[in-house]
Amino acid sequence: MRRATSPTAISLRCATSPEWVPTVLADFDTFLVDHAACERKASATGMLFVVRYPDRPALIGPLIDFAREELEHFHEVWKIVSARGLQLRRDRPDDYARALLEGARHGRDERLLDRLLIAGILEARGCERFGLLSNALEEEELHEFYRDLVRADARHQRLFFDLAREYFDDDIVRERSEVLLELEADIVTRLPVRPALY
């Protein structure tokens, strides 16, 4: 079995269900369309930080770069979607992301910290799942594409946690990340498995 590189650096509190990969492979077209939407939303999230926190200069450059890279990933997935004769779809509610974002506190600083950590956790879960998928894909081009995404998401998760430490003490980041990682594990274990990234 092929191994994906750069395993998740954030210690997720639960592993993805063994049912996830077979579910994705059984309806890979649906997964691809969902994956494209996730990459587009990730790019938009990077720019949302730039727009909402112009007074936090340490965020601006790195998150512009992040948004551009995620937009490029969206373009790459769109090319795969298009080559398979599929179409993108309108946004649909994502129960996983919605439940995780509901855990973000109010208050400008508190919300900034929580949103950075949640973004890092999203990237960590994506990193884990892209690795699982890369290992399972037989088509070499797709295997390599998802292996590259493992590396990218490993960098991205570290980026968001490093940015959190730019503005908040390590102890505060660690304490809050524990809370959000426990929340994420609860969400993952109670949501149904489906052919989607999250």
# chains A, B, ... in the order shown; residues from 1 in each chain; ligands from 1
>>> residues_around(residues="Ala26 of chain A", least_positions_apart="5", cutoff="12 Å", atoms="only C-alpha atoms", output="ChimeraX atom specification")
/A:19-21,31-32,136-137,194-196
>>> write_last_selection(atoms="N, CA and C atoms", output="PDB file, in the first residue's frame")
ATOM      1  N   GLU A  19     -15.280   3.480   7.139  1.00  0.00           N
ATOM      2  CA  GLU A  19     -16.291   3.472   6.081  1.00  0.00           C
ATOM      3  C   GLU A  19     -16.131   4.643   5.110  1.00  0.00           C
ATOM      4  N   TRP A  20     -15.340   5.643   5.486  1.00  0.00           N
ATOM      5  CA  TRP A  20     -15.285   6.854   4.666  1.00  0.00           C
ATOM      6  C   TRP A  20     -14.696   6.589   3.282  1.00  0.00           C
ATOM      7  N   VAL A  21     -13.540   5.950   3.203  1.00  0.00           N
ATOM      8  CA  VAL A  21     -12.911   5.717   1.894  1.00  0.00           C
ATOM      9  C   VAL A  21     -13.807   4.899   0.972  1.00  0.00           C
ATOM     10  N   PHE A  31     -18.122  13.068  -4.658  1.00  0.00           N
ATOM     11  CA  PHE A  31     -17.022  13.551  -3.819  1.00  0.00           C
ATOM     12  C   PHE A  31     -16.263  14.676  -4.515  1.00  0.00           C
ATOM     13  N   LEU A  32     -15.943  14.499  -5.785  1.00  0.00           N
ATOM     14  CA  LEU A  32     -15.169  15.506  -6.507  1.00  0.00           C
ATOM     15  C   LEU A  32     -15.876  16.857  -6.549  1.00  0.00           C
ATOM     16  N   ALA A 136      -5.687   4.955  -1.333  1.00  0.00           N
ATOM     17  CA  ALA A 136      -6.684   4.030  -1.894  1.00  0.00           C
ATOM     18  C   ALA A 136      -6.860   4.176  -3.399  1.00  0.00           C
ATOM     19  N   LEU A 137      -6.429   5.296  -3.966  1.00  0.00           N
ATOM     20  CA  LEU A 137      -6.661   5.543  -5.392  1.00  0.00           C
ATOM     21  C   LEU A 137      -5.688   4.755  -6.254  1.00  0.00           C
ATOM     22  N   ARG A 194     -20.459  10.177   4.397  1.00  0.00           N
ATOM     23  CA  ARG A 194     -21.018  10.448   3.074  1.00  0.00           C
ATOM     24  C   ARG A 194     -19.875  10.708   2.103  1.00  0.00           C
ATOM     25  N   PRO A 195     -20.136  10.708   0.799  1.00  0.00           N
ATOM     26  CA  PRO A 195     -19.082  10.932  -0.191  1.00  0.00           C
ATOM     27  C   PRO A 195     -18.752  12.411  -0.303  1.00  0.00           C
ATOM     28  N   ALA A 196     -18.120  12.930   0.721  1.00  0.00           N
ATOM     29  CA  ALA A 196     -17.777  14.341   0.819  1.00  0.00           C
ATOM     30  C   ALA A 196     -16.491  14.445   1.644  1.00  0.00           C
TER      31      ALA A 196
END
>>> closest_atom_pairs(of="segment 2-71 of chain A", to="segment 101-123 of chain A", cutoff="9 Å", atoms="only C-alpha atoms", output="JSON lines")
{"residue": "A:Thr8", "atom": "CA", "partner": "A:Glu123", "partner_atom": "CA", "distance": 8.8}
{"residue": "A:Ile10", "atom": "CA", "partner": "A:Ile121", "partner_atom": "CA", "distance": 7.4}
{"residue": "A:Leu12", "atom": "CA", "partner": "A:Ile121", "partner_atom": "CA", "distance": 7.9}
{"residue": "A:Ala42", "atom": "CA", "partner": "A:Ala119", "partner_atom": "CA", "distance": 8.6}
{"residue": "A:Thr45", "atom": "CA", "partner": "A:Ala119", "partner_atom": "CA", "distance": 8.4}
{"residue": "A:Phe49", "atom": "CA", "partner": "A:Leu112", "partner_atom": "CA", "distance": 8.5}
{"residue": "A:Tyr53", "atom": "CA", "partner": "A:Leu112", "partner_atom": "CA", "distance": 8.4}
>>> write_last_selection(atoms="N, CA and C atoms", output="PDB file, in the first residue's frame")
ATOM      1  N   THR A   8      -0.776  14.360   9.377  1.00  0.00           N
ATOM      2  CA  THR A   8      -1.299  15.503  10.099  1.00  0.00           C
ATOM      3  C   THR A   8      -0.431  15.861  11.309  1.00  0.00           C
ATOM      4  N   ILE A  10      -1.407  18.291  13.612  1.00  0.00           N
ATOM      5  CA  ILE A  10      -2.322  18.523  14.719  1.00  0.00           C
ATOM      6  C   ILE A  10      -2.872  17.176  15.154  1.00  0.00           C
ATOM      7  N   LEU A  12      -5.502  15.171  15.955  1.00  0.00           N
ATOM      8  CA  LEU A  12      -6.952  15.026  15.952  1.00  0.00           C
ATOM      9  C   LEU A  12      -7.357  14.004  17.005  1.00  0.00           C
ATOM     10  N   ALA A  42     -12.420  27.417   1.018  1.00  0.00           N
ATOM     11  CA  ALA A  42     -11.175  27.660   1.754  1.00  0.00           C
ATOM     12  C   ALA A  42     -10.495  28.926   1.258  1.00  0.00           C
ATOM     13  N   THR A  45     -12.314  31.816   2.632  1.00  0.00           N
ATOM     14  CA  THR A  45     -12.040  31.978   4.065  1.00  0.00           C
ATOM     15  C   THR A  45     -10.745  32.753   4.277  1.00  0.00           C
ATOM     16  N   PHE A  49     -10.518  36.549   6.329  1.00  0.00           N
ATOM     17  CA  PHE A  49      -9.640  37.011   7.407  1.00  0.00           C
ATOM     18  C   PHE A  49      -8.988  38.337   7.031  1.00  0.00           C
ATOM     19  N   TYR A  53      -9.836  41.528   9.357  1.00  0.00           N
ATOM     20  CA  TYR A  53      -8.777  41.863  10.315  1.00  0.00           C
ATOM     21  C   TYR A  53      -7.635  42.611   9.640  1.00  0.00           C
TER      22      TYR A  53
END
>>> closest_residue(among="A:Ala44, A:Cys38, A:Val24, A:Ala164", to="Tyr96 of chain A", atoms="only C-alpha atoms")
A:Cys38
>>> closest_residue(among="A:Ala58, A:Ala15, A:Leu181, A:Ala37", to="Asp94 of chain A", atoms="only C-alpha atoms")
A:Ala37
>>> atom_distance(atom1="atom CA of Arg40 of chain A", atom2="atom CA of Val179 of chain A")
27.2 Å
>>> closest_atom_pairs(of="segment 31-62 of chain A", to="segment 66-75 of chain A", cutoff="6 Å", atoms="only C-alpha atoms", output="JSON lines")
{"residue": "A:Ala36", "atom": "CA", "partner": "A:Phe74", "partner_atom": "CA", "distance": 5.4}
{"residue": "A:Glu39", "atom": "CA", "partner": "A:Phe74", "partner_atom": "CA", "distance": 4.9}
{"residue": "A:Arg40", "atom": "CA", "partner": "A:Phe74", "partner_atom": "CA", "distance": 5.5}
{"residue": "A:Ser43", "atom": "CA", "partner": "A:Ala67", "partner_atom": "CA", "distance": 4.1}
{"residue": "A:Gly46", "atom": "CA", "partner": "A:Ala67", "partner_atom": "CA", "distance": 4.9}
>>> write_last_selection(atoms="N, CA and C atoms", output="mmCIF file, in the first residue's frame")
data_model
loop_
_atom_site.group_PDB
_atom_site.id
_atom_site.type_symbol
_atom_site.label_atom_id
_atom_site.label_comp_id
_atom_site.auth_asym_id
_atom_site.auth_seq_id
_atom_site.Cartn_x
_atom_site.Cartn_y
_atom_site.Cartn_z
ATOM 1 N N ALA A 36 -14.383 20.233 -4.829
ATOM 2 C CA ALA A 36 -14.206 21.522 -5.494
ATOM 3 C C ALA A 36 -14.806 22.652 -4.663
ATOM 4 N N GLU A 39 -12.561 23.546 -1.693
ATOM 5 C CA GLU A 39 -11.375 24.332 -2.045
ATOM 6 C C GLU A 39 -11.747 25.797 -2.295
ATOM 7 N N ARG A 40 -12.869 26.012 -2.964
ATOM 8 C CA ARG A 40 -13.322 27.387 -3.214
ATOM 9 C C ARG A 40 -13.649 28.104 -1.909
ATOM 10 N N SER A 43 -10.487 29.119 -0.059
ATOM 11 C CA SER A 43 -9.904 30.342 -0.610
ATOM 12 C C SER A 43 -10.653 31.571 -0.106
ATOM 13 N N GLY A 46 -9.714 32.438 3.489
ATOM 14 C CA GLY A 46 -8.464 33.179 3.616
ATOM 15 C C GLY A 46 -8.668 34.662 3.397
#
>>> residues_around(residues="Gly126 of chain A", least_positions_apart="6", cutoff="8 Å", atoms="only C-alpha atoms", output="list in words")
Val150, Asp153, Leu197 and Tyr198 of chain A
>>> atom_distance(atom1="atom CA of Glu166 of chain A", atom2="atom CA of Val50 of chain A")
15.1 Å
>>> atom_distance(atom1="atom CA of Val81 of chain A", atom2="atom CA of Asp27 of chain A")
13.1 Å
>>> select_by_dssp(residues="segment 11-148 of chain A", states="helix (DSSP H, G or I)", output="ChimeraX atom specification")
/A:20-26,28-52,57-83,95-101,108-136,140-148
>>> closest_residue(among="A:Leu48, A:Ile64, A:Val33, A:Leu191", to="Leu86 of chain A", atoms="only C-alpha atoms")
A:Val33
>>> closest_residue(among="A:Ser17, A:Leu100, A:Arg52, A:Phe130", to="Glu182 of chain A", atoms="only C-alpha atoms")
A:Leu100
>>> closest_residue(among="A:Arg89, A:Arg151, A:Arg56, A:Arg158", to="Ser11 of chain A", atoms="only C-alpha atoms")
A:Arg158
>>> decode(residues="segment 47-85 of chain A", atoms="N, CA and C atoms", output="short mmCIF file (atom, residue, chain, number, x, y, z; two decimals), in the first residue's frame")
data_model
loop_
_atom_site.label_atom_id
_atom_site.label_comp_id
_atom_site.auth_asym_id
_atom_site.auth_seq_id
_atom_site.Cartn_x
_atom_site.Cartn_y
_atom_site.Cartn_z
N MET A 47 -9.43 35.02 2.37
CA MET A 47 -9.67 36.44 2.10
C MET A 47 -10.60 37.07 3.12
N LEU A 48 -11.48 36.27 3.71
CA LEU A 48 -12.36 36.79 4.75
C LEU A 48 -11.56 37.28 5.95
N PHE A 49 -10.52 36.55 6.33
CA PHE A 49 -9.64 37.01 7.41
C PHE A 49 -8.99 38.34 7.03
N VAL A 50 -8.54 38.45 5.79
CA VAL A 50 -7.87 39.68 5.33
C VAL A 50 -8.83 40.86 5.41
N VAL A 51 -10.07 40.64 5.02
CA VAL A 51 -11.06 41.72 5.02
C VAL A 51 -11.46 42.11 6.45
N ARG A 52 -11.65 41.11 7.29
CA ARG A 52 -12.16 41.39 8.65
C ARG A 52 -11.09 41.85 9.62
N TYR A 53 -9.84 41.53 9.36
CA TYR A 53 -8.78 41.86 10.32
C TYR A 53 -7.63 42.61 9.64
N PRO A 54 -7.92 43.76 9.01
CA PRO A 54 -6.85 44.52 8.36
C PRO A 54 -5.85 45.10 9.35
N ASP A 55 -6.25 45.16 10.64
CA ASP A 55 -5.37 45.67 11.68
C ASP A 55 -4.45 44.60 12.25
N ARG A 56 -4.47 43.40 11.69
CA ARG A 56 -3.60 42.31 12.14
C ARG A 56 -2.64 41.98 10.99
N PRO A 57 -1.58 42.80 10.82
CA PRO A 57 -0.74 42.69 9.63
C PRO A 57 -0.05 41.34 9.45
N ALA A 58 0.19 40.62 10.54
CA ALA A 58 0.84 39.31 10.40
C ALA A 58 -0.02 38.31 9.65
N LEU A 59 -1.34 38.58 9.59
CA LEU A 59 -2.24 37.67 8.89
C LEU A 59 -2.27 37.92 7.38
N ILE A 60 -2.05 39.16 6.98
CA ILE A 60 -2.41 39.57 5.63
C ILE A 60 -1.66 38.81 4.54
N GLY A 61 -0.35 38.92 4.53
CA GLY A 61 0.43 38.26 3.49
C GLY A 61 0.25 36.75 3.45
N PRO A 62 0.41 36.07 4.61
CA PRO A 62 0.26 34.61 4.60
C PRO A 62 -1.13 34.15 4.15
N LEU A 63 -2.18 34.90 4.50
CA LEU A 63 -3.51 34.44 4.14
C LEU A 63 -3.90 34.83 2.71
N ILE A 64 -3.27 35.86 2.16
CA ILE A 64 -3.42 36.09 0.72
C ILE A 64 -2.79 34.92 -0.03
N ASP A 65 -1.59 34.52 0.40
CA ASP A 65 -0.93 33.37 -0.24
C ASP A 65 -1.77 32.11 -0.10
N PHE A 66 -2.32 31.91 1.08
CA PHE A 66 -3.18 30.74 1.32
C PHE A 66 -4.39 30.76 0.39
N ALA A 67 -5.04 31.93 0.29
CA ALA A 67 -6.23 32.05 -0.56
C ALA A 67 -5.88 31.77 -2.02
N ARG A 68 -4.74 32.25 -2.46
CA ARG A 68 -4.33 32.01 -3.85
C ARG A 68 -4.04 30.53 -4.08
N GLU A 69 -3.39 29.88 -3.13
CA GLU A 69 -3.09 28.46 -3.30
C GLU A 69 -4.37 27.63 -3.31
N GLU A 70 -5.30 27.96 -2.42
CA GLU A 70 -6.56 27.22 -2.39
C GLU A 70 -7.38 27.47 -3.66
N LEU A 71 -7.30 28.68 -4.19
CA LEU A 71 -7.97 28.95 -5.46
C LEU A 71 -7.37 28.11 -6.58
N GLU A 72 -6.05 27.95 -6.56
CA GLU A 72 -5.41 27.08 -7.55
C GLU A 72 -5.85 25.63 -7.38
N HIS A 73 -6.00 25.19 -6.14
CA HIS A 73 -6.51 23.83 -5.90
C HIS A 73 -7.93 23.69 -6.44
N PHE A 74 -8.74 24.72 -6.22
CA PHE A 74 -10.10 24.71 -6.76
C PHE A 74 -10.05 24.55 -8.28
N HIS A 75 -9.17 25.30 -8.92
CA HIS A 75 -9.04 25.23 -10.37
C HIS A 75 -8.65 23.82 -10.81
N GLU A 76 -7.71 23.21 -10.09
CA GLU A 76 -7.27 21.85 -10.43
C GLU A 76 -8.40 20.84 -10.27
N VAL A 77 -9.15 20.96 -9.18
CA VAL A 77 -10.27 20.02 -8.99
C VAL A 77 -11.35 20.28 -10.04
N TRP A 78 -11.59 21.55 -10.35
CA TRP A 78 -12.57 21.86 -11.40
C TRP A 78 -12.19 21.21 -12.71
N LYS A 79 -10.90 21.21 -13.05
CA LYS A 79 -10.46 20.58 -14.30
C LYS A 79 -10.75 19.07 -14.29
N ILE A 80 -10.58 18.43 -13.14
CA ILE A 80 -10.91 17.01 -13.02
C ILE A 80 -12.41 16.81 -13.16
N VAL A 81 -13.18 17.66 -12.48
CA VAL A 81 -14.65 17.61 -12.55
C VAL A 81 -15.11 17.78 -13.99
N SER A 82 -14.57 18.79 -14.66
CA SER A 82 -14.97 19.08 -16.03
C SER A 82 -14.60 17.94 -16.98
N ALA A 83 -13.42 17.37 -16.81
CA ALA A 83 -12.97 16.28 -17.68
C ALA A 83 -13.85 15.05 -17.55
N ARG A 84 -14.50 14.91 -16.39
CA ARG A 84 -15.38 13.77 -16.18
C ARG A 84 -16.83 14.07 -16.60
N GLY A 85 -17.04 15.24 -17.19
CA GLY A 85 -18.38 15.60 -17.65
C GLY A 85 -19.32 16.00 -16.54
#
